[in-house]
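Engineer: Here it is, the structure in full.
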Amino acid sequence: MTNPAVSDLIARSNRLGADPKNTNYAGGNTSAKGSEIDPVTGESVDLLWVKGSGGDLGTLTEGGLAVLRLDRMRALVDVYPGVEREDEMVAAFDYCLHGKGGAAPSIDTAMHGLVDAAHVDHLHPDSGIAIATAADGEALTKQIFGDTVVWVPWRRPGFQLGLDIAAIKAANPQAIGCILGGHGITAWADTSEAAEANSLRIIETASAYIAANAKAEPFGPALDGYAALPVAERRAKAAALAPTLRAIASRDRRMVGHFTDSDVVLDFLAAAEHPRLAALGTSCPDHFLRTKVKPLVLDLPATATVEESIARLWELHESYRADYQAYYDRHATAESPAIRGADPLVILVPGVGMFSYGKDKQTARVAGEFYVNAINVMRGAEGLSRYAPIDESEKFRIEYWALEEAKLQRMPKPKPLATRIALITGAASGIGRATAVKLAAEGACVVIADLDGAKAEAAAAEIGNSDVAIGVVADVTDEAAVQAAVDAAVLAFGGLDLVVNNAGLSLSKSLLETTVADWDLQHDVMARGSFLVSKAAAKVLIEQKLGGDIVYISSKNSIFAGPNNIAYSATKADQAHQVRLLAAELGEHGVKVNGVNPDGVVRGSGIFAGGWGAKRAAVYGVPEEELGAYYAQRTLLKREVLPEHCANAVFALCGPDMTHTTGLHIPVDAGVAAAFLR
Ligand SMILES: NC(=O)c1ccc[n+]([C@@H]2O[C@H](COP(=O)([O-])OP(=O)(O)OC[C@H]3O[C@@H](n4cnc5c(N)ncnc54)[C@H](O)[C@@H]3O)[C@@H](O)[C@H]2O)c1
Ligand SMILES: [Zn+2]
């Protein structure tokens, strides 16, 4: 049975974590102390349950808690070698675990264990950090809270900070918590309910004080020409800039992006003080690894053209990189981990919004959320006083902390298509859908584009949430719709790497039966459609300077000539030659162009289900449900071809192994000699 101290702790953590005003994503930690019977001795033992390393309070479960023996954890005080060697204490926590110990103890475990209260919350609320990063934070704390909340000067999280807070609590029995300079808040109480109330009281009191006392324009007056562009215009500009921005963020390693044009961001960028404040950087220790110390800010007004902006961004990128390298060189010691790349993780574009980057969409999105936290913090601090985050040298110590580096080194190896963004046309059904599933399973972010928007969204939802897959409606015959789908992809994931021209349909008719409308429809969807998609996508691929892949789902019928197929097979041959033409043209940009030639994919295919299968079955005199098996018997391998087999071929072409192959078609037909390539 779950210990009531634990169920209370989980419920309180989930409530606190559910409101972004209380703490940033995955930020902060909570704990409870209580007792259980030790199965070894049969006697009662005092335990500490504390949120372990990683994970988010809003979704914390019992499995996310570390469980330590309180007597042993507190006994560490006697062997603590001093602040210079405090990092060693993290390894020592492993010797204090109870039973299997649950989740790995985090750096903040000492604070929770050493503070003499049954329930402790450590949080990163914007309002609290605003006070914590105000130049006169200590005086403000006194003024706002009297002696109920105590100021703790900045200290890097760790064992010593735990000792400091414990001492402050002991010296201030009336206090309900503290403001941790440059960092966040900690609150405590004897019951879970009271701890939660104390946390909220600190957060809400700080927030109310800021609202009542902040000056009118904390970010300064409006800057001429920096106001937000109208929504359609700014999205179009964002999409036009996105490939260049991704190139900038990805020079050292390929990144996935996140775009936001929320009012918080646009208002900040529209005001006079944003360049000075952005240069001061973020503050909360959680932030640096995700946002880097500071963002890259485009220093042109919203009214600057895309071309002007791109030219300036490249200049700013060079100075950003030089600046970051200099920051690293200023602070790195012989023991410091190697530099983790010098590209920005947050890029701010006045009038347009913010792009943030990470190793996957979730990381990129959270980096953006953290920068929104930072803007809120700066607004509060500047409103009351002056924003004064911790020193650069302290920021470096956190960004390149050996313990953080060890965590990064322990991360599982990324999947083969991690950081790759795929756009697949006609992916609400059949081969396209199987391809989307496969590419997502191999780590790609996928955009499912289809004539049927509802089906596209449903197919995306089956793959995962919007960090993994999105569905967009797009008729590939329509140039504007194709551009809109490519724009949606770059705004959702920051760019594009992998394009699959799969949308198609099939009318099986003899020459004399084929109408001009039939001919046009087949050619519009397949020849023209893939031309339009390749064209819009190639512009992105070229601007990103990251290479890429375009894969065409052509057909056995692009090679094989049979009756009753003039329109379909002719347009498939057109697609197949597009592969060769574009392979020849795009090679210099590192873009590979290849094709897959399927045949007889009956199961899951809308083409077959839509009447064509019934007709073919009738022609061959077999029941429709046996058509797949019938086709299989005609192949050299006697195997039925499924959508998944085509998807595997797409992955083979654009995965990590076939890096030197372009202009190729892979047959996925179980062996049809008449369609052999030569
Ligand atoms: N099924 C086979 O045996 C086979 C064999 C060779 C080639 N192919 C090719 O594979 C591709 C996929 O076929 P499938 O069998 O999976 O078919 P499918 O009907 O299951 O899927 C095709 C998808 O394309 C979409 N689509 C149609 N017109 C579109 C347009 N104008 N814009 C955007 N989307 C559009 C449809 O809505 C559908 O979701 C096609 O290009 C087809 O020619 C299929
Ligand atoms: Zn913290």
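In the structure tokens, the first chain shown is A, the next is B, and so on; residue numbers restart at 1 for each chain, and ligands run from 1 in the order shown.
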If the limit is 8 Å from any atom of ligand 2, counting only C-alpha atoms and all ligand atoms, which residues qualify? Return them as a PyMOL selection string.
Structural biologist: chain A and resi 27-29+108+122-124+157+183-185+284-286
Engineer: Against ligand 1, which residues of chain A fall within 6 Å? For each one I want the closest pair of atoms and the distance in Å (one decimal), counting only C-alpha atoms and all ligand atoms, rows by chain and increasing residue number, as a Markdown table.
Structural biologist:
```
| residue | atom | partner | partner_atom_place_in_ligand_line | distance |
| --- | --- | --- | --- | --- |
| A:Thr425 | CA | ligand 1 | 34 (N) | 5.8 |
| A:Gly426 | CA | ligand 1 | 24 (O) | 3.3 |
| A:Ala427 | CA | ligand 1 | 39 (O) | 5.6 |
| A:Ala428 | CA | ligand 1 | 39 (O) | 4.4 |
| A:Ser429 | CA | ligand 1 | 20 (O) | 4.2 |
| A:Gly430 | CA | ligand 1 | 16 (O) | 3.4 |
| A:Ile431 | CA | ligand 1 | 16 (O) | 3.7 |
| A:Gly432 | CA | ligand 1 | 16 (O) | 5.6 |
| A:Asp450 | CA | ligand 1 | 34 (N) | 4.0 |
| A:Leu451 | CA | ligand 1 | 33 (C) | 4.0 |
| A:Asp452 | CA | ligand 1 | 37 (O) | 5.4 |
| A:Ala474 | CA | ligand 1 | 33 (C) | 5.5 |
| A:Asp475 | CA | ligand 1 | 32 (N) | 3.6 |
| A:Val476 | CA | ligand 1 | 32 (N) | 4.1 |
| A:Thr477 | CA | ligand 1 | 31 (N) | 5.4 |
| A:Asn502 | CA | ligand 1 | 41 (O) | 4.5 |
| A:Ala503 | CA | ligand 1 | 24 (O) | 3.8 |
| A:Gly504 | CA | ligand 1 | 41 (O) | 3.7 |
| A:Leu505 | CA | ligand 1 | 43 (O) | 5.5 |
| A:Val525 | CA | ligand 1 | 31 (N) | 4.8 |
| A:Ile553 | CA | ligand 1 | 10 (O) | 5.4 |
| A:Ser554 | CA | ligand 1 | 7 (C) | 5.5 |
| A:Ser555 | CA | ligand 1 | 6 (C) | 4.0 |
| A:Pro598 | CA | ligand 1 | 6 (C) | 4.2 |
| A:Asp599 | CA | ligand 1 | 5 (C) | 4.0 |
| A:Gly600 | CA | ligand 1 | 3 (O) | 3.8 |
| A:Val601 | CA | ligand 1 | 3 (O) | 3.5 |
| A:Val602 | CA | ligand 1 | 1 (N) | 5.7 |
| A:Ser605 | CA | ligand 1 | 20 (O) | 3.6 |
| A:Gly606 | CA | ligand 1 | 19 (O) | 3.3 |
| A:Ile607 | CA | ligand 1 | 19 (O) | 4.1 |
```
Engineer: Please determine, counting only C-alpha atoms, which residue among A:Gly177, A:Gly613, A:Pro39, A:Pro667 has the shortest atom-to-atom distance to A:Gly128.
Structural biologist: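 Among the listed residues, A:Gly177 lies closest to A:Gly128.
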Engineer: Could you pull the residues within 7 Å of A:Gly225, counting only C-alpha atoms, minus those fewer than 2 positions along the same chain, as a list in words?
Structural biologist: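 In the requested format, the answer is Leu223, Ala227, Pro301, Ala302 and Thr303 of chain A.
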Engineer: Can you pull out the residues contacting A:Glu588? Cut-off 12 Å, using only C-alpha atoms, and skip same-chain residues under 2 positions away; I want them as a list in words.
Structural biologist: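 Listed by chain and then number, they are Leu541, Ile542, Lys545, Leu546, Gly547, Gly548, Leu582, Ala583, Ala584, Glu585, Leu586, Gly590, Val591, Lys592, Val593 and Thr662 of chain A.
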Engineer: Determine, counting only C-alpha atoms, which protein, DNA and RNA residues have an atom within 9 Å of an atom of stretch 491-493 of chain A; residues of the same chain fewer than 3 positions away are not included. Present the result as a list in words.
Structural biologist: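 Result of the neighbour search: Arg235, Ala238, Ala239, Ala242, Val256, Gly257, His258, Phe259, Thr260, Asp360, Lys361, Ala364, Ile421, Cys445, Val446, Val447, Ser466, Asp467, Ile470, Val486, Asp487, Ala488 and Leu496 of chain A.
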Engineer: Could you name the residues that touch A:Val67 at 9 Å or less, counting only C-alpha atoms, but leaving out those on the same chain fewer than 5 positions away, as a list in words?
Structural biologist: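 That gives Leu47, Leu48, Trp49, Val50, Lys51, Gly52, Cys96, Leu97, His98, Gly99, Lys100, Gly101, Gly102, Ala103 and Pro105 of chain A.
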Engineer: Between atom CA of A:Asp329 and atom CA of A:Asp391, what is the distance in Å, rounded to a tenth?
Structural biologist: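 Calculated distance between atom CA of A:Asp329 and atom CA of A:Asp391 is 15.7 Å.
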Engineer: Just give me the gap between atom CA of A:Arg365 and atom CA of A:Glu392 in Å, one decimal is fine.
Structural biologist: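 Going from atom CA of A:Arg365 over to atom CA of A:Glu392 covers 24.7 Å.
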Engineer: Residues near A:Pro656, anyone? I mean within 8 Å using only C-alpha atoms, not counting same-chain ones fewer than 2 positions away, as a list in words.
Structural biologist: Pro416, Leu417, Ala652, Cys654, Met658 and Thr659 of chain A
Engineer: Quick one, how far is atom CA of A:Ser207 from atom CA of A:Ser127?
Structural biologist: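 Interatomic distance here is 5.1 Å.
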Engineer: Report as a VMD selection string: the residues of stretch 152-226 of chain A with a DSSP assignment of helix (DSSP H, G or I), based on the backbone of this structure.
Structural biologist: chain A and resid 159 to 171 192 to 213
Engineer: Keeping N, CA, C and O atoms for every residue in the selection just given, could you write it to a file as a compact mmCIF listing (two decimals), in the first residue's frame?
Structural biologist:
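Saved the output as out.txt:
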```txt
# COMPACT_ATOMS: atom_id res chain seq x y z
N PHE A 159 25.09 20.50 -2.27
CA PHE A 159 25.06 20.16 -0.84
C PHE A 159 25.16 21.41 0.02
O PHE A 159 24.45 21.57 1.02
N GLN A 160 26.04 22.35 -0.39
CA GLN A 160 26.24 23.55 0.43
C GLN A 160 24.96 24.40 0.46
O GLN A 160 24.60 24.93 1.51
N LEU A 161 24.28 24.50 -0.67
CA LEU A 161 23.03 25.27 -0.68
C LEU A 161 22.03 24.63 0.28
O LEU A 161 21.30 25.31 0.99
N GLY A 162 22.00 23.28 0.32
CA GLY A 162 21.13 22.58 1.26
C GLY A 162 21.46 22.95 2.70
O GLY A 162 20.57 23.25 3.51
N LEU A 163 22.77 22.97 3.00
CA LEU A 163 23.19 23.35 4.37
C LEU A 163 22.80 24.80 4.67
O LEU A 163 22.30 25.11 5.76
N ASP A 164 22.99 25.69 3.69
CA ASP A 164 22.65 27.12 3.88
C ASP A 164 21.17 27.27 4.22
O ASP A 164 20.80 27.98 5.15
N ILE A 165 20.33 26.60 3.44
CA ILE A 165 18.88 26.76 3.63
C ILE A 165 18.46 26.16 4.97
O ILE A 165 17.65 26.74 5.70
N ALA A 166 19.05 25.00 5.30
CA ALA A 166 18.72 24.38 6.58
C ALA A 166 19.07 25.32 7.73
O ALA A 166 18.31 25.48 8.70
N ALA A 167 20.24 25.99 7.63
CA ALA A 167 20.69 26.90 8.69
C ALA A 167 19.74 28.10 8.78
O ALA A 167 19.40 28.56 9.88
N ILE A 168 19.33 28.60 7.62
CA ILE A 168 18.44 29.76 7.61
C ILE A 168 17.09 29.41 8.22
O ILE A 168 16.50 30.18 8.98
N LYS A 169 16.61 28.21 7.91
CA LYS A 169 15.33 27.80 8.51
C LYS A 169 15.47 27.69 10.03
O LYS A 169 14.61 28.14 10.79
N ALA A 170 16.59 27.10 10.47
CA ALA A 170 16.79 26.95 11.92
C ALA A 170 16.87 28.30 12.61
O ALA A 170 16.34 28.48 13.72
N ALA A 171 17.49 29.27 11.92
CA ALA A 171 17.66 30.59 12.54
C ALA A 171 16.39 31.44 12.45
O ALA A 171 16.29 32.47 13.10
N SER A 192 1.63 18.37 4.21
CA SER A 192 1.68 18.57 2.77
C SER A 192 0.81 19.77 2.38
O SER A 192 1.22 20.60 1.56
N GLU A 193 -0.36 19.82 2.97
CA GLU A 193 -1.29 20.93 2.68
C GLU A 193 -0.66 22.29 2.98
O GLU A 193 -0.76 23.22 2.19
N ALA A 194 -0.03 22.38 4.13
CA ALA A 194 0.56 23.65 4.54
C ALA A 194 1.75 24.01 3.65
O ALA A 194 1.96 25.18 3.32
N ALA A 195 2.52 23.01 3.21
CA ALA A 195 3.66 23.30 2.33
C ALA A 195 3.16 23.88 1.01
O ALA A 195 3.69 24.87 0.50
N GLU A 196 2.10 23.25 0.47
CA GLU A 196 1.53 23.73 -0.80
C GLU A 196 1.02 25.17 -0.63
O GLU A 196 1.27 26.03 -1.48
N ALA A 197 0.33 25.40 0.49
CA ALA A 197 -0.20 26.74 0.74
C ALA A 197 0.93 27.75 0.87
O ALA A 197 0.84 28.88 0.35
N ASN A 198 2.02 27.36 1.51
CA ASN A 198 3.17 28.27 1.66
C ASN A 198 3.82 28.57 0.31
O ASN A 198 4.19 29.72 0.03
N SER A 199 3.95 27.55 -0.52
CA SER A 199 4.52 27.77 -1.86
C SER A 199 3.66 28.77 -2.61
O SER A 199 4.17 29.74 -3.19
N LEU A 200 2.36 28.51 -2.61
CA LEU A 200 1.45 29.39 -3.38
C LEU A 200 1.43 30.80 -2.79
O LEU A 200 1.33 31.78 -3.53
N ARG A 201 1.56 30.87 -1.47
CA ARG A 201 1.55 32.20 -0.85
C ARG A 201 2.76 33.02 -1.32
O ARG A 201 2.63 34.20 -1.66
N ILE A 202 3.91 32.38 -1.39
CA ILE A 202 5.11 33.11 -1.85
C ILE A 202 4.94 33.54 -3.31
O ILE A 202 5.18 34.70 -3.67
N ILE A 203 4.47 32.60 -4.14
CA ILE A 203 4.33 32.88 -5.58
C ILE A 203 3.31 33.99 -5.80
O ILE A 203 3.56 34.95 -6.55
N GLU A 204 2.17 33.86 -5.14
CA GLU A 204 1.09 34.82 -5.38
C GLU A 204 1.39 36.19 -4.76
O GLU A 204 1.04 37.22 -5.34
N THR A 205 2.04 36.19 -3.61
CA THR A 205 2.38 37.48 -2.99
C THR A 205 3.38 38.23 -3.87
O THR A 205 3.24 39.44 -4.10
N ALA A 206 4.37 37.50 -4.38
CA ALA A 206 5.36 38.14 -5.26
C ALA A 206 4.67 38.69 -6.51
O ALA A 206 4.92 39.82 -6.93
N SER A 207 3.80 37.87 -7.06
CA SER A 207 3.13 38.26 -8.29
C SER A 207 2.22 39.48 -8.07
O SER A 207 2.22 40.42 -8.88
N ALA A 208 1.49 39.49 -6.95
CA ALA A 208 0.62 40.63 -6.66
C ALA A 208 1.44 41.88 -6.41
O ALA A 208 1.06 42.99 -6.84
N TYR A 209 2.57 41.71 -5.74
CA TYR A 209 3.42 42.88 -5.46
C TYR A 209 3.94 43.48 -6.76
O TYR A 209 3.95 44.70 -6.95
N ILE A 210 4.35 42.60 -7.68
CA ILE A 210 4.85 43.09 -8.98
C ILE A 210 3.73 43.82 -9.71
O ILE A 210 3.91 44.93 -10.22
N ALA A 211 2.55 43.22 -9.71
CA ALA A 211 1.41 43.84 -10.43
C ALA A 211 1.10 45.22 -9.85
O ALA A 211 0.80 46.16 -10.59
N ALA A 212 1.18 45.34 -8.54
CA ALA A 212 0.78 46.60 -7.91
C ALA A 212 1.88 47.66 -7.98
O ALA A 212 1.59 48.86 -7.97
N ASN A 213 3.14 47.24 -8.06
CA ASN A 213 4.23 48.21 -7.89
C ASN A 213 5.13 48.40 -9.11
O ASN A 213 5.98 49.29 -9.11
```
Engineer: Between A:Val540, A:Lys395, A:Leu16, A:Thr435, single out the one closest to A:Ala247, counting only C-alpha atoms.
Structural biologist: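 Nearest to A:Ala247: A:Val540.
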Engineer: Point out the residue among A:Gly281, A:Gly34, A:Gly64, A:Gly604 with the least atom-to-atom distance to A:Thr191, counting only C-alpha atoms.
Structural biologist: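 Of all the options, A:Gly34 lies closest to A:Thr191.
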Engineer: Using only C-alpha atoms, find the one residue out of A:Phe608, A:Tyr400, A:Phe560, A:Phe219 that sits nearest to A:Tyr327.
Structural biologist: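 Looking only at the distances to A:Tyr327, the closest residue turns out to be A:Tyr400.
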Engineer: Please return, as a list in words, all residues of stretch 240-434 of chain A that DSSP assigns to strand (DSSP E or B) on the basis of the backbone.
Structural biologist: Val256, Gly257, His258, Phe259, Thr260, Ala271, Leu296, Val297, Val346, Ile347, Leu348, Val349, Gly353, Met354, Phe355, Ser356, Tyr357, Gly358, Tyr387, Ile421, Ala422, Leu423, Ile424 and Thr425 of chain A
